[in-house]
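Reproduced below: query23.txt, with compact mmCIF, N, CA and C atoms.
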# COMPACT_ATOMS: atom_id res chain seq x y z
N MET A 1 -2.20 -35.97 63.16
CA MET A 1 -2.44 -34.64 62.64
C MET A 1 -2.59 -34.69 61.13
N ALA A 2 -3.46 -33.89 60.68
CA ALA A 2 -3.69 -33.79 59.24
C ALA A 2 -2.59 -32.94 58.60
N LYS A 3 -2.20 -33.37 57.43
CA LYS A 3 -1.20 -32.61 56.71
C LYS A 3 -1.83 -31.35 56.14
N ARG A 4 -1.07 -30.29 56.23
CA ARG A 4 -1.56 -29.04 55.65
C ARG A 4 -1.28 -29.08 54.16
N LYS A 5 -2.29 -28.75 53.41
CA LYS A 5 -2.12 -28.68 51.97
C LYS A 5 -1.39 -27.40 51.62
N LYS A 6 -0.51 -27.55 50.69
CA LYS A 6 0.23 -26.39 50.22
C LYS A 6 -0.71 -25.54 49.37
N LYS A 7 -0.74 -24.26 49.68
CA LYS A 7 -1.61 -23.38 48.93
C LYS A 7 -1.07 -23.19 47.52
N HIS A 8 -1.98 -23.21 46.58
CA HIS A 8 -1.62 -22.98 45.18
C HIS A 8 -1.43 -21.49 44.95
N ARG A 9 -0.26 -21.16 44.48
CA ARG A 9 0.05 -19.76 44.22
C ARG A 9 -0.50 -19.39 42.84
N PRO A 10 -1.36 -18.36 42.77
CA PRO A 10 -1.84 -17.94 41.45
C PRO A 10 -0.69 -17.35 40.64
N VAL A 11 -0.64 -17.72 39.38
CA VAL A 11 0.43 -17.25 38.51
C VAL A 11 0.07 -15.85 38.03
N PRO A 12 0.94 -14.87 38.28
CA PRO A 12 0.64 -13.51 37.84
C PRO A 12 0.72 -13.40 36.32
N TRP A 13 -0.03 -12.45 35.78
CA TRP A 13 -0.09 -12.30 34.32
C TRP A 13 1.27 -12.00 33.69
N PRO A 14 2.18 -11.25 34.33
CA PRO A 14 3.47 -11.04 33.66
C PRO A 14 4.27 -12.33 33.48
N GLU A 15 4.10 -13.26 34.40
CA GLU A 15 4.80 -14.53 34.27
C GLU A 15 4.26 -15.32 33.08
N ASN A 16 2.94 -15.32 32.92
CA ASN A 16 2.34 -15.98 31.77
C ASN A 16 2.73 -15.29 30.46
N ALA A 17 2.78 -13.97 30.48
CA ALA A 17 3.16 -13.23 29.28
C ALA A 17 4.61 -13.51 28.92
N ALA A 18 5.48 -13.63 29.92
CA ALA A 18 6.89 -13.93 29.65
C ALA A 18 7.05 -15.33 29.06
N LYS A 19 6.29 -16.28 29.58
CA LYS A 19 6.33 -17.63 29.01
C LYS A 19 5.83 -17.62 27.58
N PHE A 20 4.76 -16.86 27.33
CA PHE A 20 4.22 -16.78 25.97
C PHE A 20 5.23 -16.14 25.02
N ALA A 21 6.03 -15.20 25.52
CA ALA A 21 7.00 -14.49 24.66
C ALA A 21 7.99 -15.47 24.03
N TRP A 22 8.51 -16.41 24.80
CA TRP A 22 9.46 -17.34 24.19
C TRP A 22 8.78 -18.56 23.60
N ASN A 23 7.65 -18.98 24.14
CA ASN A 23 6.93 -20.10 23.55
C ASN A 23 6.37 -19.75 22.17
N SER A 24 5.99 -18.49 22.00
CA SER A 24 5.44 -18.08 20.70
C SER A 24 6.51 -18.13 19.62
N PHE A 25 7.78 -18.05 19.99
CA PHE A 25 8.85 -18.18 19.00
C PHE A 25 8.84 -19.59 18.41
N VAL A 26 8.71 -20.59 19.26
CA VAL A 26 8.66 -21.97 18.79
C VAL A 26 7.42 -22.19 17.92
N VAL A 27 6.30 -21.68 18.37
CA VAL A 27 5.06 -21.81 17.60
C VAL A 27 5.18 -21.06 16.28
N ALA A 28 5.82 -19.89 16.30
CA ALA A 28 5.98 -19.09 15.09
C ALA A 28 6.86 -19.79 14.07
N LEU A 29 7.73 -20.66 14.50
CA LEU A 29 8.54 -21.43 13.56
C LEU A 29 7.83 -22.68 13.07
N LEU A 30 7.15 -23.38 13.97
CA LEU A 30 6.55 -24.66 13.62
C LEU A 30 5.26 -24.54 12.81
N VAL A 31 4.34 -23.71 13.26
CA VAL A 31 3.02 -23.65 12.61
C VAL A 31 3.12 -23.17 11.16
N PRO A 32 3.76 -22.04 10.87
CA PRO A 32 3.85 -21.64 9.46
C PRO A 32 4.63 -22.63 8.60
N THR A 33 5.64 -23.28 9.16
CA THR A 33 6.40 -24.26 8.38
C THR A 33 5.52 -25.44 8.00
N CYS A 34 4.78 -25.96 8.96
CA CYS A 34 3.88 -27.07 8.67
C CYS A 34 2.77 -26.65 7.72
N LEU A 35 2.23 -25.47 7.94
CA LEU A 35 1.16 -24.97 7.08
C LEU A 35 1.67 -24.73 5.67
N ASN A 36 2.88 -24.23 5.53
CA ASN A 36 3.47 -24.03 4.22
C ASN A 36 3.63 -25.36 3.50
N PHE A 37 4.03 -26.39 4.22
CA PHE A 37 4.16 -27.71 3.62
C PHE A 37 2.81 -28.23 3.14
N VAL A 38 1.78 -28.03 3.94
CA VAL A 38 0.46 -28.54 3.57
C VAL A 38 -0.14 -27.73 2.42
N LEU A 39 -0.07 -26.41 2.51
CA LEU A 39 -0.72 -25.57 1.50
C LEU A 39 0.02 -25.55 0.17
N ASN A 40 1.33 -25.53 0.22
CA ASN A 40 2.11 -25.38 -1.01
C ASN A 40 2.75 -26.68 -1.46
N ASN A 41 2.19 -27.79 -1.05
CA ASN A 41 2.66 -29.10 -1.48
C ASN A 41 2.33 -29.26 -2.96
N PRO A 42 3.26 -29.72 -3.79
CA PRO A 42 2.98 -29.84 -5.22
C PRO A 42 1.82 -30.78 -5.55
N THR A 43 1.50 -31.71 -4.66
CA THR A 43 0.40 -32.63 -4.94
C THR A 43 -0.96 -32.03 -4.59
N ASN A 44 -0.98 -30.85 -3.97
CA ASN A 44 -2.23 -30.22 -3.57
C ASN A 44 -2.71 -29.31 -4.70
N GLN A 45 -3.64 -29.80 -5.52
CA GLN A 45 -4.13 -29.02 -6.65
C GLN A 45 -5.05 -27.88 -6.22
N ARG A 46 -5.77 -28.06 -5.13
CA ARG A 46 -6.68 -27.00 -4.68
C ARG A 46 -5.92 -25.75 -4.28
N ALA A 47 -4.75 -25.89 -3.69
CA ALA A 47 -3.96 -24.74 -3.25
C ALA A 47 -3.43 -23.95 -4.45
N ASP A 48 -3.24 -24.63 -5.59
CA ASP A 48 -2.75 -23.91 -6.77
C ASP A 48 -3.78 -22.91 -7.27
N ASP A 49 -5.04 -23.17 -7.02
CA ASP A 49 -6.09 -22.27 -7.48
C ASP A 49 -6.15 -20.99 -6.66
N MET A 50 -5.70 -21.03 -5.42
CA MET A 50 -5.77 -19.87 -4.54
C MET A 50 -4.39 -19.27 -4.36
N GLU A 51 -4.21 -18.08 -4.88
CA GLU A 51 -2.92 -17.38 -4.78
C GLU A 51 -2.63 -16.96 -3.34
N ILE A 52 -3.66 -16.71 -2.55
CA ILE A 52 -3.49 -16.20 -1.20
C ILE A 52 -2.80 -17.21 -0.28
N THR A 53 -2.86 -18.50 -0.62
CA THR A 53 -2.27 -19.51 0.26
C THR A 53 -0.76 -19.36 0.39
N ARG A 54 -0.12 -18.69 -0.53
CA ARG A 54 1.32 -18.46 -0.43
C ARG A 54 1.66 -17.52 0.72
N TYR A 55 0.75 -16.61 1.04
CA TYR A 55 1.04 -15.58 2.02
C TYR A 55 0.61 -15.94 3.44
N ILE A 56 -0.21 -16.93 3.60
CA ILE A 56 -0.75 -17.27 4.91
C ILE A 56 0.35 -17.66 5.91
N PRO A 57 1.31 -18.54 5.56
CA PRO A 57 2.36 -18.87 6.54
C PRO A 57 3.19 -17.66 6.97
N GLY A 58 3.53 -16.80 6.04
CA GLY A 58 4.30 -15.61 6.40
C GLY A 58 3.52 -14.67 7.30
N LEU A 59 2.22 -14.52 7.02
CA LEU A 59 1.39 -13.66 7.85
C LEU A 59 1.23 -14.25 9.26
N LEU A 60 1.11 -15.57 9.33
CA LEU A 60 1.04 -16.21 10.65
C LEU A 60 2.33 -16.01 11.43
N TYR A 61 3.47 -16.15 10.75
CA TYR A 61 4.75 -15.92 11.43
C TYR A 61 4.81 -14.49 11.95
N LEU A 62 4.41 -13.54 11.13
CA LEU A 62 4.44 -12.13 11.54
C LEU A 62 3.49 -11.90 12.72
N LEU A 63 2.32 -12.52 12.69
CA LEU A 63 1.36 -12.37 13.79
C LEU A 63 1.94 -12.91 15.10
N PHE A 64 2.51 -14.13 15.06
CA PHE A 64 3.10 -14.69 16.28
C PHE A 64 4.28 -13.87 16.76
N THR A 65 5.05 -13.30 15.85
CA THR A 65 6.19 -12.48 16.23
C THR A 65 5.74 -11.21 16.93
N VAL A 66 4.75 -10.55 16.37
CA VAL A 66 4.25 -9.31 16.98
C VAL A 66 3.64 -9.61 18.35
N MET A 67 2.88 -10.71 18.45
CA MET A 67 2.29 -11.06 19.73
C MET A 67 3.37 -11.43 20.75
N GLY A 68 4.41 -12.15 20.32
CA GLY A 68 5.47 -12.55 21.24
C GLY A 68 6.27 -11.37 21.76
N VAL A 69 6.62 -10.45 20.87
CA VAL A 69 7.36 -9.26 21.31
C VAL A 69 6.48 -8.40 22.21
N GLY A 70 5.22 -8.26 21.85
CA GLY A 70 4.29 -7.48 22.69
C GLY A 70 4.12 -8.09 24.07
N ALA A 71 3.99 -9.43 24.11
CA ALA A 71 3.86 -10.09 25.41
C ALA A 71 5.12 -9.95 26.24
N GLY A 72 6.29 -10.02 25.60
CA GLY A 72 7.55 -9.85 26.32
C GLY A 72 7.68 -8.45 26.91
N ILE A 73 7.31 -7.45 26.13
CA ILE A 73 7.38 -6.08 26.62
C ILE A 73 6.37 -5.86 27.74
N ALA A 74 5.17 -6.40 27.58
CA ALA A 74 4.15 -6.28 28.64
C ALA A 74 4.62 -6.96 29.92
N ALA A 75 5.28 -8.11 29.79
CA ALA A 75 5.78 -8.81 30.97
C ALA A 75 6.85 -7.98 31.68
N LEU A 76 7.68 -7.30 30.92
CA LEU A 76 8.72 -6.47 31.53
C LEU A 76 8.10 -5.32 32.33
N PHE A 77 6.95 -4.83 31.91
CA PHE A 77 6.28 -3.77 32.67
C PHE A 77 5.70 -4.30 33.98
N GLY A 78 5.49 -5.60 34.08
CA GLY A 78 4.95 -6.17 35.31
C GLY A 78 6.00 -6.49 36.36
N ILE A 79 7.27 -6.30 36.02
CA ILE A 79 8.35 -6.61 36.97
C ILE A 79 8.27 -5.74 38.21
N GLY A 80 7.89 -4.49 38.05
CA GLY A 80 7.83 -3.58 39.19
C GLY A 80 6.88 -4.06 40.27
N ARG A 81 5.79 -4.67 39.88
CA ARG A 81 4.80 -5.12 40.86
C ARG A 81 5.04 -6.54 41.34
N TYR A 82 5.47 -7.43 40.41
CA TYR A 82 5.57 -8.84 40.75
C TYR A 82 6.99 -9.34 40.94
N GLY A 83 7.99 -8.54 40.69
CA GLY A 83 9.38 -8.94 40.87
C GLY A 83 9.98 -9.59 39.63
N LYS A 84 11.31 -9.76 39.66
CA LYS A 84 12.03 -10.28 38.50
C LYS A 84 11.94 -11.79 38.35
N LYS A 85 11.69 -12.49 39.44
CA LYS A 85 11.73 -13.94 39.43
C LYS A 85 10.70 -14.50 38.44
N ARG A 86 11.14 -15.37 37.56
CA ARG A 86 10.32 -16.06 36.56
C ARG A 86 9.69 -15.13 35.52
N ILE A 87 10.13 -13.88 35.45
CA ILE A 87 9.60 -12.96 34.45
C ILE A 87 10.70 -12.42 33.55
N LEU A 88 11.77 -11.96 34.15
CA LEU A 88 12.79 -11.22 33.41
C LEU A 88 13.46 -12.07 32.32
N ILE A 89 13.96 -13.22 32.68
CA ILE A 89 14.72 -14.04 31.72
C ILE A 89 13.83 -14.54 30.57
N PRO A 90 12.66 -15.14 30.84
CA PRO A 90 11.84 -15.59 29.70
C PRO A 90 11.39 -14.44 28.79
N ALA A 91 11.09 -13.30 29.37
CA ALA A 91 10.65 -12.17 28.55
C ALA A 91 11.78 -11.68 27.65
N ILE A 92 12.97 -11.53 28.21
CA ILE A 92 14.10 -11.05 27.40
C ILE A 92 14.48 -12.09 26.35
N VAL A 93 14.48 -13.36 26.71
CA VAL A 93 14.81 -14.41 25.74
C VAL A 93 13.81 -14.38 24.58
N GLY A 94 12.52 -14.25 24.88
CA GLY A 94 11.51 -14.21 23.83
C GLY A 94 11.69 -13.01 22.91
N ILE A 95 11.94 -11.85 23.49
CA ILE A 95 12.11 -10.64 22.68
C ILE A 95 13.35 -10.77 21.80
N VAL A 96 14.45 -11.24 22.38
CA VAL A 96 15.70 -11.37 21.61
C VAL A 96 15.56 -12.40 20.49
N LEU A 97 14.91 -13.53 20.77
CA LEU A 97 14.71 -14.54 19.72
C LEU A 97 13.89 -13.99 18.56
N HIS A 98 12.79 -13.32 18.87
CA HIS A 98 11.94 -12.79 17.81
C HIS A 98 12.65 -11.71 17.00
N ILE A 99 13.30 -10.79 17.67
CA ILE A 99 13.96 -9.70 16.95
C ILE A 99 15.17 -10.22 16.18
N GLY A 100 15.88 -11.18 16.75
CA GLY A 100 17.00 -11.79 16.03
C GLY A 100 16.54 -12.49 14.76
N MET A 101 15.45 -13.23 14.84
CA MET A 101 14.94 -13.92 13.65
C MET A 101 14.45 -12.92 12.61
N LEU A 102 13.81 -11.85 13.04
CA LEU A 102 13.38 -10.83 12.08
C LEU A 102 14.58 -10.18 11.40
N ALA A 103 15.66 -9.94 12.15
CA ALA A 103 16.86 -9.36 11.55
C ALA A 103 17.46 -10.31 10.51
N LEU A 104 17.49 -11.60 10.82
CA LEU A 104 17.99 -12.57 9.85
C LEU A 104 17.12 -12.63 8.60
N LEU A 105 15.80 -12.59 8.79
CA LEU A 105 14.89 -12.62 7.64
C LEU A 105 15.03 -11.38 6.77
N LEU A 106 15.16 -10.22 7.40
CA LEU A 106 15.33 -8.99 6.61
C LEU A 106 16.65 -9.02 5.85
N ASN A 107 17.70 -9.53 6.46
CA ASN A 107 18.98 -9.65 5.80
C ASN A 107 18.88 -10.60 4.60
N ALA A 108 18.19 -11.72 4.78
CA ALA A 108 18.02 -12.68 3.69
C ALA A 108 17.18 -12.07 2.56
N LEU A 109 16.15 -11.30 2.91
CA LEU A 109 15.33 -10.66 1.87
C LEU A 109 16.14 -9.64 1.08
N GLN A 110 16.98 -8.88 1.75
CA GLN A 110 17.82 -7.92 1.04
C GLN A 110 18.81 -8.64 0.12
N ALA A 111 19.39 -9.72 0.57
CA ALA A 111 20.32 -10.47 -0.27
C ALA A 111 19.61 -11.07 -1.48
N ALA A 112 18.41 -11.57 -1.29
CA ALA A 112 17.65 -12.13 -2.40
C ALA A 112 17.27 -11.03 -3.40
N ARG A 113 16.95 -9.88 -2.90
CA ARG A 113 16.60 -8.75 -3.78
C ARG A 113 17.81 -8.33 -4.61
N ARG A 114 18.99 -8.24 -3.97
CA ARG A 114 20.21 -7.89 -4.70
C ARG A 114 20.54 -8.94 -5.75
N ALA A 115 20.37 -10.21 -5.41
CA ALA A 115 20.64 -11.28 -6.37
C ALA A 115 19.68 -11.22 -7.55
N ALA A 116 18.41 -10.91 -7.29
CA ALA A 116 17.44 -10.78 -8.37
C ALA A 116 17.77 -9.60 -9.28
N GLU A 117 18.23 -8.50 -8.70
CA GLU A 117 18.63 -7.36 -9.51
C GLU A 117 19.85 -7.69 -10.37
N ARG A 118 20.82 -8.42 -9.81
CA ARG A 118 21.99 -8.82 -10.58
C ARG A 118 21.60 -9.74 -11.74
N MET A 119 20.70 -10.67 -11.45
CA MET A 119 20.24 -11.58 -12.51
C MET A 119 19.52 -10.81 -13.61
N GLN A 120 18.73 -9.83 -13.23
CA GLN A 120 18.01 -9.03 -14.21
C GLN A 120 18.99 -8.23 -15.07
N GLN A 121 20.03 -7.66 -14.44
CA GLN A 121 21.03 -6.92 -15.20
C GLN A 121 21.80 -7.84 -16.14
N GLN A 122 22.13 -9.03 -15.69
CA GLN A 122 22.82 -9.98 -16.56
C GLN A 122 21.93 -10.39 -17.72
N GLN A 123 20.66 -10.57 -17.46
CA GLN A 123 19.72 -10.94 -18.52
C GLN A 123 19.60 -9.82 -19.54
N GLN A 124 19.60 -8.57 -19.10
CA GLN A 124 19.52 -7.44 -20.00
C GLN A 124 20.79 -7.31 -20.84
N GLN A 125 21.93 -7.67 -20.28
CA GLN A 125 23.17 -7.63 -21.06
C GLN A 125 23.18 -8.71 -22.13
N ILE A 126 22.60 -9.87 -21.82
CA ILE A 126 22.54 -10.96 -22.79
C ILE A 126 21.51 -10.63 -23.87
N ASP A 127 20.35 -10.20 -23.48
CA ASP A 127 19.26 -9.88 -24.41
C ASP A 127 18.82 -8.44 -24.17
N PRO A 128 19.36 -7.47 -24.93
CA PRO A 128 19.02 -6.07 -24.67
C PRO A 128 17.57 -5.73 -24.97
N ALA A 129 16.90 -6.49 -25.79
CA ALA A 129 15.49 -6.21 -26.09
C ALA A 129 14.63 -6.79 -24.98
N VAL A 130 14.36 -6.01 -23.97
CA VAL A 130 13.57 -6.45 -22.83
C VAL A 130 12.11 -6.36 -23.20
N PRO A 131 11.34 -7.40 -22.96
CA PRO A 131 9.91 -7.34 -23.27
C PRO A 131 9.24 -6.21 -22.49
N GLY A 132 8.41 -5.47 -23.20
CA GLY A 132 7.68 -4.39 -22.54
C GLY A 132 8.33 -3.03 -22.72
N SER A 133 9.54 -2.97 -23.28
CA SER A 133 10.16 -1.67 -23.49
C SER A 133 9.81 -1.17 -24.89
N ASP A 134 9.73 0.12 -25.04
CA ASP A 134 9.35 0.75 -26.31
C ASP A 134 10.59 1.24 -27.06
N GLN A 135 11.48 0.36 -27.43
CA GLN A 135 12.68 0.74 -28.14
C GLN A 135 12.42 0.91 -29.63
N ASP A 136 11.45 0.16 -30.16
CA ASP A 136 11.14 0.24 -31.58
C ASP A 136 10.01 1.26 -31.77
N SER A 137 10.35 2.50 -32.05
CA SER A 137 9.33 3.53 -32.20
C SER A 137 8.90 3.74 -33.64
N SER A 138 9.50 2.97 -34.61
CA SER A 138 9.16 3.14 -36.02
C SER A 138 7.87 2.41 -36.39
N SER A 139 7.44 1.47 -35.58
CA SER A 139 6.20 0.73 -35.91
C SER A 139 4.99 1.58 -35.56
N PRO A 140 3.90 1.48 -36.38
CA PRO A 140 2.71 2.30 -36.15
C PRO A 140 1.94 1.95 -34.93
Any chance you could give the structure as structure tokens?
Amino acid sequence: MAKRKKKHRPVPWPENAAKFAWNSFVVALLVPTCLNFVLNNPTNQRADDMEITRYIPGLLYLLFTVMGVGAGIAALFGIGRYGKKRILIPAIVGIVLHIGMLALLLNALQAARRAAERMQQQQQQIDPAVPGSDQDSSSP
């Protein structure tokens, strides 16, 4: 007797979207990091000429994050039709990873902003004549 071939089950789109939700987190960390190393390497003189190269890795990270969260949410909407198996956990993990990383980044940005303000205040206390201020009004 001939062996029956096992039928290949087509993968539903919510399952693919759920996989993309957490896989995009890894890509969102690796690609901008590598690109930042290549573009902003001190030995790369061409990148110094283009100011925009500083923003490309951050924009790529933001793009992958938005796509990952969107794919995770879309996958969760497919649970009603295709069931929880192989959809629920990857989708939630992807959403939580992306949102957690964004929360950490926003916290770090706020801390850096506060530190910059403190440094600016300390600099003003050391040197009260801040460049650009019009304190000397007696000059013509």
Residues near range 60-73 of chain A, cut-off 7 Å, only N, CA and C atoms, skip fewer than 5 positions along chain, as a compact mmCIF listing (two decimals) with N, CA and C atoms, in the coordinates of the input:
# COMPACT_ATOMS: atom_id res chain seq x y z
N ALA A 17 2.78 -13.97 30.48
CA ALA A 17 3.16 -13.23 29.28
C ALA A 17 4.61 -13.51 28.92
N ALA A 18 5.48 -13.63 29.92
CA ALA A 18 6.89 -13.93 29.65
C ALA A 18 7.05 -15.33 29.06
N PHE A 20 4.76 -16.86 27.33
CA PHE A 20 4.22 -16.78 25.97
C PHE A 20 5.23 -16.14 25.02
N ALA A 21 6.03 -15.20 25.52
CA ALA A 21 7.00 -14.49 24.66
C ALA A 21 7.99 -15.47 24.03
N TRP A 22 8.51 -16.41 24.80
CA TRP A 22 9.46 -17.34 24.19
C TRP A 22 8.78 -18.56 23.60
N SER A 24 5.99 -18.49 22.00
CA SER A 24 5.44 -18.08 20.70
C SER A 24 6.51 -18.13 19.62
N PHE A 25 7.78 -18.05 19.99
CA PHE A 25 8.85 -18.18 19.00
C PHE A 25 8.84 -19.59 18.41
N VAL A 27 6.30 -21.68 18.37
CA VAL A 27 5.06 -21.81 17.60
C VAL A 27 5.18 -21.06 16.28
N ALA A 28 5.82 -19.89 16.30
CA ALA A 28 5.98 -19.09 15.09
C ALA A 28 6.86 -19.79 14.07
N LEU A 29 7.73 -20.66 14.50
CA LEU A 29 8.54 -21.43 13.56
C LEU A 29 7.83 -22.68 13.07
N PRO A 32 3.76 -22.04 10.87
CA PRO A 32 3.85 -21.64 9.46
C PRO A 32 4.63 -22.63 8.60
N TYR A 55 0.75 -16.61 1.04
CA TYR A 55 1.04 -15.58 2.02
C TYR A 55 0.61 -15.94 3.44
N GLY A 78 5.49 -5.60 34.08
CA GLY A 78 4.95 -6.17 35.31
C GLY A 78 6.00 -6.49 36.36
N PRO A 90 12.66 -15.14 30.84
CA PRO A 90 11.84 -15.59 29.70
C PRO A 90 11.39 -14.44 28.79
N ALA A 91 11.09 -13.30 29.37
CA ALA A 91 10.65 -12.17 28.55
C ALA A 91 11.78 -11.68 27.65
N ILE A 92 12.97 -11.53 28.21
CA ILE A 92 14.10 -11.05 27.40
C ILE A 92 14.48 -12.09 26.35
N GLY A 94 12.52 -14.25 24.88
CA GLY A 94 11.51 -14.21 23.83
C GLY A 94 11.69 -13.01 22.91
N ILE A 95 11.94 -11.85 23.49
CA ILE A 95 12.11 -10.64 22.68
C ILE A 95 13.35 -10.77 21.80
N HIS A 98 12.79 -13.32 18.87
CA HIS A 98 11.94 -12.79 17.81
C HIS A 98 12.65 -11.71 17.00
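Note that the spacing between atom C of Pro14 in chain A and atom C of Ala75 in chain A amounts to 5.4 Å.
Relative to CA of Leu109 in chain A, atom N of Arg54 in chain A is found at 17.6 Å.
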**OP:** Would you mind reading off the distance between atom C of Pro12 in chain A and atom N of Ile89 in chain A, one decimal, in Å?
**Re:** 13.7 Å
